[in-house]
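> Here it is, the structure in full.
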Amino acid sequence: MLDALRQISRDVETAPSFEYALGIIVARVCLILGTEVCSIYIFDKVSGELKLIENEGFHRSAIGTVSLAPGEGVVGLVAERGEPLNIENVSEHPRYRHFSAIGEEPFSAFLGVPVTHNRRVLGVITVQQREDRRFREDEEAFLTTLAAQLAIVVARADATGRVSAILNADYVPTDVRYEGIAGAPGIAIGTAVVIGPSANLDHVPNKETDEVAAELTSFDRAIDRVRADIEETDRSLSEHLPAQERALFSAYLHMLDDSAIAGEVREEIRLGNWAQGALRTVIARHVSKLQLVENPYLRERVTDVRELGQRVLAYLQDIHRDKFYFPEQVILIGEEVTASMVSDVPANQLKGIVSLRGSSNSHTAILARALNVPAVMGVSEFPVYEFENQIVVVDGFYGELVGNPTTQVMDHYHELIAEEAEFVKELEPIKDQPSETLDGHRLNLWVNIGLVGEITRSLDRGAEGIGLFRTEIPFASRDRFPTEEEQRVIYREHLEAFNPRPVTMRTLDIGGDKALPYFPIDEDNPFLGWRGIRVTLDHPEIFLVQVRAMIKASLGLESDLRIMLPMVTDRREVAEAKTLILRAYREVREENVAAKLPQIGAMIEVPAVIHQARLIARQVDFLAVGSNDLTQYMLAVDRNNPRVANLYQEMHPAVLHALRELAKAAHAEQKGIGICGELAGTPEGAILCVAMGYDVLSMNAANLPKVKWVIRNVSLRDCRRILARVRRMDDAEEILDFIRDQLIGAGLERAIPHHETPSVFL
Ligand code: PEP
Ligand code: MG
């Protein structure tokens, strides 16, 4: 049965439509269990009834016509109880209900299993047989397993309104909400442009040609157009991104040279293959060679080679989207939106980004934040190809999308966009005012940064320092580790721009969801694996080069350079890292670079450290809480998994308790403590952190003015009073609601990004 289940699951996954998938399921169940009938009933949201949506064994006309009120019949009983029901002679059951239209008289054995998703019964799957018998236990287990798989398929179709559309002829789903992960803040409404490699190299056949010259000409034309596209993209991005982050484009251009892929394709064409076939052959050859090599960096190039092949093929097939016809307001949507796809859209027309894959730490999300474009990542249930040219709403504050919005909902979002823009404008003047509460408590509002392009925006928003420079970001846009000098230049740019303000540079934090293309880490459980300081302590050569570059970059500047260690788990790691930092410092001094000794800090992201915080604080100059990771590890909830997103609660009482303990521990050792997770950039989180005594709140530049505005309009006394109340609460939602009420009471509700209740969508 395992093989059968696997096969069904594969076929359902690749089924072209929801209806097709249901058809596969009922047909296979009949075949495998040898039953005469298999039926799927689903709750219709419109009527509230349980309706027959697919069946094998009854008259086809029964589909859509048989419906049961909640609890009606044995099928209704299965849904009501939420448990399987296995009955030998169903017609004798007190809840049996007879439908003459479907001709079920002769069936006697009945097995029904609820289709349950996220604790909700969505429907029932049943099998029936003429024979007088009870279904065996293993048959029951088979159907239960299948029902769990079916639940995912139904839930997906339900979310898109497909189920209602099948069950009700006139139903057009509107205001359909999809949940993902907040990638970049803001709201946008625009036209979906679904992007993906439209040409499919795998489907190109070999064809002999006598017209070698003509094939060569069209190939040359395609190459010229791809080359022009890449150069144009590179040019258009040069304003927004520095050269080192555009290195990928030169690598592409090089591959198009005659000495590389293009030359080999020409050779193939000369041998008589048509251009498309020749291209496929050459790309496939390179891909399989690269897949075999041991060097992980070279193996990673497979994606680039394939993407380039797709681009050339698209022109050969003349199906390339003319990029000058992008709509005015583009919401760029794709299974995996890449940085190069983002750069294909003219910057002034790009309003939002939606990626089915990826996380808040993906390069695309980081790029979106730098470009100030709202983004939603990881919307795995989104039927991407159905949305081409449709209007969609992107809510980057809460990581949601609204498909096919009604005028009412669109007007509502337009209003929110206008309010937000007005508020941002109003906040401009406070950029030069201190971050100080009404009763004179001063604290530091710093920024989290990653791309050089973010420096100006951060300073424009009044950043008083950098609290977290994610140095892995410049590492990620290259095809090898940057040299010491290359790093020094990047770090210097930040330090100079912020001089004399402090700059906190985190040492390379890779692993988990942060991958370098040339240094793949393949693990079953990457978040509990080789990440952050664990990697760099195992590679002192990488660590030392980075620290030397940081120290050299700080030469002659007033700015305090603060070096911060990610993912620290115990004292030994801090001691080892400190030894390496001091060694790097000595080496720099020996090269006659008279730079200052940097401050050293430890990030608190691993729960174990909460209980050793004083010990760690004694070893360093400062602590910084990475509340994103700390929350995910404390609650055992993957921060990037939409399926458990509702369990990821930064305001969980246990997390808040830990944050308070950490602040107390740092201060008991007379050390400063900051927080640089997303929590610090929310008004609600900021209020609690202020009350707990955090010295530094570090956040995305976009959130900074709002947080500053809130801080300038509350008193430390109020914050402490709110914290005291919150400490008596035992539920994250209650805490959040309470703080929001307090903000509203203080006239500060504008700082809270709206979140639509489902009632707006009715
Ligand atoms: C954190 O974990 O809170 C943090 C700031 O680091 P990152 O989000 O880069 O993992
Ligand atoms: Mg982290």
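Chain labels A, B, ... are given in the sequence in which chains occur in the structure tokens; within each chain residues are numbered consecutively from 1, and ligands are likewise numbered from 1 in the order shown.
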Do a neighbour search on Pro753 (chain A) at 9 Å with only C-alpha atoms, toss out local chain neighbours closer than 6 positions, and write the hits as a VMD selection string.
chain A and resid 186 397 to 398 416 420
> Near region 549-553 of chain A, counting only C-alpha atoms, which residues have an atom at most 8 Å away, once you skip same-chain residues fewer than 6 positions from it, shown as a PyMOL selection string?
chain A and resi 484-485+487-489+491-492+495+505+561+585+588+593+595-598
> Store the residues of this selection in a file with C-alpha atoms, as a PDB file, in the first residue's frame.

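Once written, out-v6.pdb looks like this:
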ATOM      1  CA  GLU A 484      40.053  41.181   2.673  1.00  0.00           C
ATOM      2  CA  GLU A 485      40.424  44.329   0.585  1.00  0.00           C
ATOM      3  CA  GLN A 487      35.470  43.518   2.345  1.00  0.00           C
ATOM      4  CA  ARG A 488      37.382  46.468   3.747  1.00  0.00           C
ATOM      5  CA  VAL A 489      35.975  48.703   1.011  1.00  0.00           C
ATOM      6  CA  TYR A 491      32.804  48.051   5.535  1.00  0.00           C
ATOM      7  CA  ARG A 492      34.553  51.378   5.109  1.00  0.00           C
ATOM      8  CA  LEU A 495      31.630  53.290   8.686  1.00  0.00           C
ATOM      9  CA  MET A 505      29.060  44.474  12.274  1.00  0.00           C
ATOM     10  CA  LEU A 561      33.343  49.604  15.549  1.00  0.00           C
ATOM     11  CA  TYR A 585      43.849  43.138  15.777  1.00  0.00           C
ATOM     12  CA  VAL A 588      46.560  44.680  11.699  1.00  0.00           C
ATOM     13  CA  VAL A 593      47.496  50.259  10.694  1.00  0.00           C
ATOM     14  CA  ALA A 595      43.125  51.293  14.198  1.00  0.00           C
ATOM     15  CA  LYS A 596      41.245  51.242  17.505  1.00  0.00           C
ATOM     16  CA  LEU A 597      40.457  48.015  19.310  1.00  0.00           C
ATOM     17  CA  PRO A 598      36.858  47.141  18.419  1.00  0.00           C
TER      18      PRO A 598
END
> Do you have the CA of Ile353 (chain A)-CA of Asp460 (chain A) distance handy?
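We find that CA of Ile353 (chain A) and CA of Asp460 (chain A) lie 24.0 Å from each other.
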> Please give me, as a ChimeraX atom specification, the residues lying within 6 Å of ligand 1 when counting only C-alpha atoms and all ligand atoms.
/A:626-629,676-677
> Can you tell me which residues surround Leu256 (chain A) at a distance of at most 9 Å, considering only C-alpha atoms, apart from same-chain residues fewer than 5 positions away, and format the answer as an mmCIF file with C-alpha atoms, in the first residue's frame?

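around-v8.cif, written as the output of this step:
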data_model
loop_
_atom_site.group_PDB
_atom_site.id
_atom_site.type_symbol
_atom_site.label_atom_id
_atom_site.label_comp_id
_atom_site.auth_asym_id
_atom_site.auth_seq_id
_atom_site.Cartn_x
_atom_site.Cartn_y
_atom_site.Cartn_z
ATOM 1 C CA ILE A 223 22.268 35.966 -28.094
ATOM 2 C CA VAL A 226 19.877 38.437 -24.236
ATOM 3 C CA ARG A 227 23.201 40.265 -24.045
ATOM 4 C CA ALA A 251 29.286 36.170 -15.204
ATOM 5 C CA ILE A 261 28.485 28.225 -24.312
ATOM 6 C CA ALA A 262 27.599 30.238 -27.425
ATOM 7 C CA GLY A 263 30.583 28.838 -29.370
ATOM 8 C CA LEU A 308 20.814 31.605 -19.188
#
> Do you have, as a Markdown table, the list of residues of chain A lying at most 10 Å from ligand 2, each with its nearest atom pair and that distance in Å to one decimal, counting only C-alpha atoms and all ligand atoms and ordered by chain then number?

| residue | atom | partner | partner_atom_place_in_ligand_line | distance |
| --- | --- | --- | --- | --- |
| A:Asn361 | CA | ligand 2 | 1 (Mg) | 9.6 |
| A:Arg470 | CA | ligand 2 | 1 (Mg) | 9.6 |
| A:Asp509 | CA | ligand 2 | 1 (Mg) | 7.8 |
| A:Ile510 | CA | ligand 2 | 1 (Mg) | 9.6 |
| A:Gly512 | CA | ligand 2 | 1 (Mg) | 9.2 |
| A:Asp513 | CA | ligand 2 | 1 (Mg) | 9.9 |
| A:Lys514 | CA | ligand 2 | 1 (Mg) | 9.8 |
| A:Arg531 | CA | ligand 2 | 1 (Mg) | 9.7 |
| A:Gly532 | CA | ligand 2 | 1 (Mg) | 8.3 |
| A:Pro566 | CA | ligand 2 | 1 (Mg) | 6.7 |
| A:Met567 | CA | ligand 2 | 1 (Mg) | 6.8 |
| A:Met603 | CA | ligand 2 | 1 (Mg) | 8.1 |
| A:Ile604 | CA | ligand 2 | 1 (Mg) | 8.6 |
| A:Glu605 | CA | ligand 2 | 1 (Mg) | 6.3 |
| A:Val606 | CA | ligand 2 | 1 (Mg) | 9.2 |
| A:Val625 | CA | ligand 2 | 1 (Mg) | 8.7 |
| A:Gly626 | CA | ligand 2 | 1 (Mg) | 5.2 |
| A:Ser627 | CA | ligand 2 | 1 (Mg) | 7.4 |
| A:Asn628 | CA | ligand 2 | 1 (Mg) | 6.0 |
| A:Asp629 | CA | ligand 2 | 1 (Mg) | 4.8 |
| A:Leu630 | CA | ligand 2 | 1 (Mg) | 7.6 |
| A:Thr631 | CA | ligand 2 | 1 (Mg) | 9.9 |
| A:Gln632 | CA | ligand 2 | 1 (Mg) | 9.6 |
| A:Cys676 | CA | ligand 2 | 1 (Mg) | 8.9 |
| A:Gly677 | CA | ligand 2 | 1 (Mg) | 7.6 |
> Quick one: residues within 7 Å of Gly183 (chain A), only C-alpha atoms, excluding same-chain residues fewer than 6 positions away - as a ChimeraX atom specification?
/A:359-360,365,375-377,396,399
> Export N, CA, C and O atoms of the chosen residues as a JSON list (two decimals), in the first residue's frame?

[["chain", "number", "residue", "atom", "x", "y", "z"],
["A", 359, "SER", "N", 12.21, 33.28, 2.10],
["A", 359, "SER", "CA", 11.89, 33.65, 3.47],
["A", 359, "SER", "C", 12.22, 35.11, 3.69],
["A", 359, "SER", "O", 12.69, 35.79, 2.78],
["A", 360, "SER", "N", 12.01, 35.58, 4.92],
["A", 360, "SER", "CA", 12.29, 36.99, 5.19],
["A", 360, "SER", "C", 13.79, 37.28, 5.10],
["A", 360, "SER", "O", 14.20, 38.43, 5.04],
["A", 365, "ALA", "N", 13.96, 39.29, -0.52],
["A", 365, "ALA", "CA", 13.29, 40.09, 0.51],
["A", 365, "ALA", "C", 14.19, 41.24, 0.94],
["A", 365, "ALA", "O", 13.72, 42.37, 1.13],
["A", 375, "ALA", "N", 6.91, 43.29, 0.08],
["A", 375, "ALA", "CA", 7.11, 41.92, -0.43],
["A", 375, "ALA", "C", 6.51, 40.90, 0.51],
["A", 375, "ALA", "O", 6.54, 41.06, 1.73],
["A", 376, "VAL", "N", 5.94, 39.86, -0.10],
["A", 376, "VAL", "CA", 5.43, 38.72, 0.67],
["A", 376, "VAL", "C", 6.13, 37.47, 0.13],
["A", 376, "VAL", "O", 6.18, 37.25, -1.07],
["A", 377, "MET", "N", 6.68, 36.70, 1.03],
["A", 377, "MET", "CA", 7.45, 35.52, 0.63],
["A", 377, "MET", "C", 6.73, 34.26, 1.09],
["A", 377, "MET", "O", 5.88, 34.30, 1.99],
["A", 396, "GLY", "N", 2.68, 43.74, 2.83],
["A", 396, "GLY", "CA", 4.01, 43.36, 3.31],
["A", 396, "GLY", "C", 4.17, 43.54, 4.81],
["A", 396, "GLY", "O", 5.16, 43.11, 5.39],
["A", 399, "GLY", "N", 2.37, 40.02, 5.66],
["A", 399, "GLY", "CA", 2.67, 38.87, 4.82],
["A", 399, "GLY", "C", 1.43, 38.24, 4.23],
["A", 399, "GLY", "O", 1.25, 37.03, 4.32]]
> Here is a test: counting only C-alpha atoms, which residue of A:Leu688, A:Val127, A:Phe142, A:Asn700 is nearest to Ile8 (chain A)?
A:Phe142
> Report as a list in words all protein, DNA and RNA residues lying within 9 Å of Gly309 (chain A), evaluated on only C-alpha atoms, omitting residues in the same chain fewer than 6 positions from it.
Leu201, Leu279, Arg280 and Ile283 of chain A
> So that I can check the surroundings of Asn200 (chain A), please list as a VMD selection string every protein, DNA and RNA residue that reaches within 9 Å of it, counting only C-alpha atoms and ignoring chain neighbours fewer than 5 positions away.
chain A and resid 310 313 to 314
> DSSP on the backbone: which residues in region 326-559 of chain A end up as alpha helix (DSSP H)? Give the answer as an NGL selection string.
:A and (339-344 or 363-371 or 407-427 or 454-460 or 472-476 or 484-498 or 533-538 or 540-553)
> Nearest to Ser554 (chain A) among A:Leu216, A:Ala577, A:Val265, A:Ala497, with distances taken over only C-alpha atoms: which residue is it?
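Looking at the shortest contact to Ser554 (chain A), the residue is A:Ala497.
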> If I take CA of Glu215 (chain A) and CA of Tyr315 (chain A), how far is one from the other in Å, to one decimal?
12.9 Å
> Go through A:Gly277, A:Pro383, A:Gly64, A:Gly190 one by one, measure the shortest atom-to-atom distance of each to Gln329 (chain A) using only C-alpha atoms, and give the residue with the smallest value.
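Among A:Gly277, A:Pro383, A:Gly64, A:Gly190, it is A:Gly190 that comes nearest to Gln329 (chain A).
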> From the DSSP assignment of the backbone, select every residue of region 559-685 of chain A that is strand (DSSP E or B), and format the answer as a VMD selection string.
chain A and resid 561 to 565 599 to 604 622 to 625 672 to 675
> With a cut-off of 8 Å, could you pull out the residues of region 40-105 of chain A touching region 130-136 of chain A and give me the nearest pair of atoms for each, distance in Å to one decimal, using only C-alpha atoms, ordered by chain and ascending number, as JSON lines?

{"residue": "A:Asn86", "atom": "CA", "partner": "A:Phe135", "partner_atom": "CA", "distance": 6.6}
{"residue": "A:Ile87", "atom": "CA", "partner": "A:Arg134", "partner_atom": "CA", "distance": 6.3}
{"residue": "A:Glu88", "atom": "CA", "partner": "A:Arg134", "partner_atom": "CA", "distance": 4.6}
{"residue": "A:Asn89", "atom": "CA", "partner": "A:Asp132", "partner_atom": "CA", "distance": 6.8}
> Those residues with C-alpha atoms, as a PDB file, in the first residue's frame please?

ATOM      1  CA  ASN A  86     -16.840   1.664   9.530  1.00  0.00           C
ATOM      2  CA  ILE A  87     -20.276   0.029   9.175  1.00  0.00           C
ATOM      3  CA  GLU A  88     -21.083  -3.468   7.993  1.00  0.00           C
ATOM      4  CA  ASN A  89     -24.666  -2.946   6.938  1.00  0.00           C
TER       5      ASN A  89
END
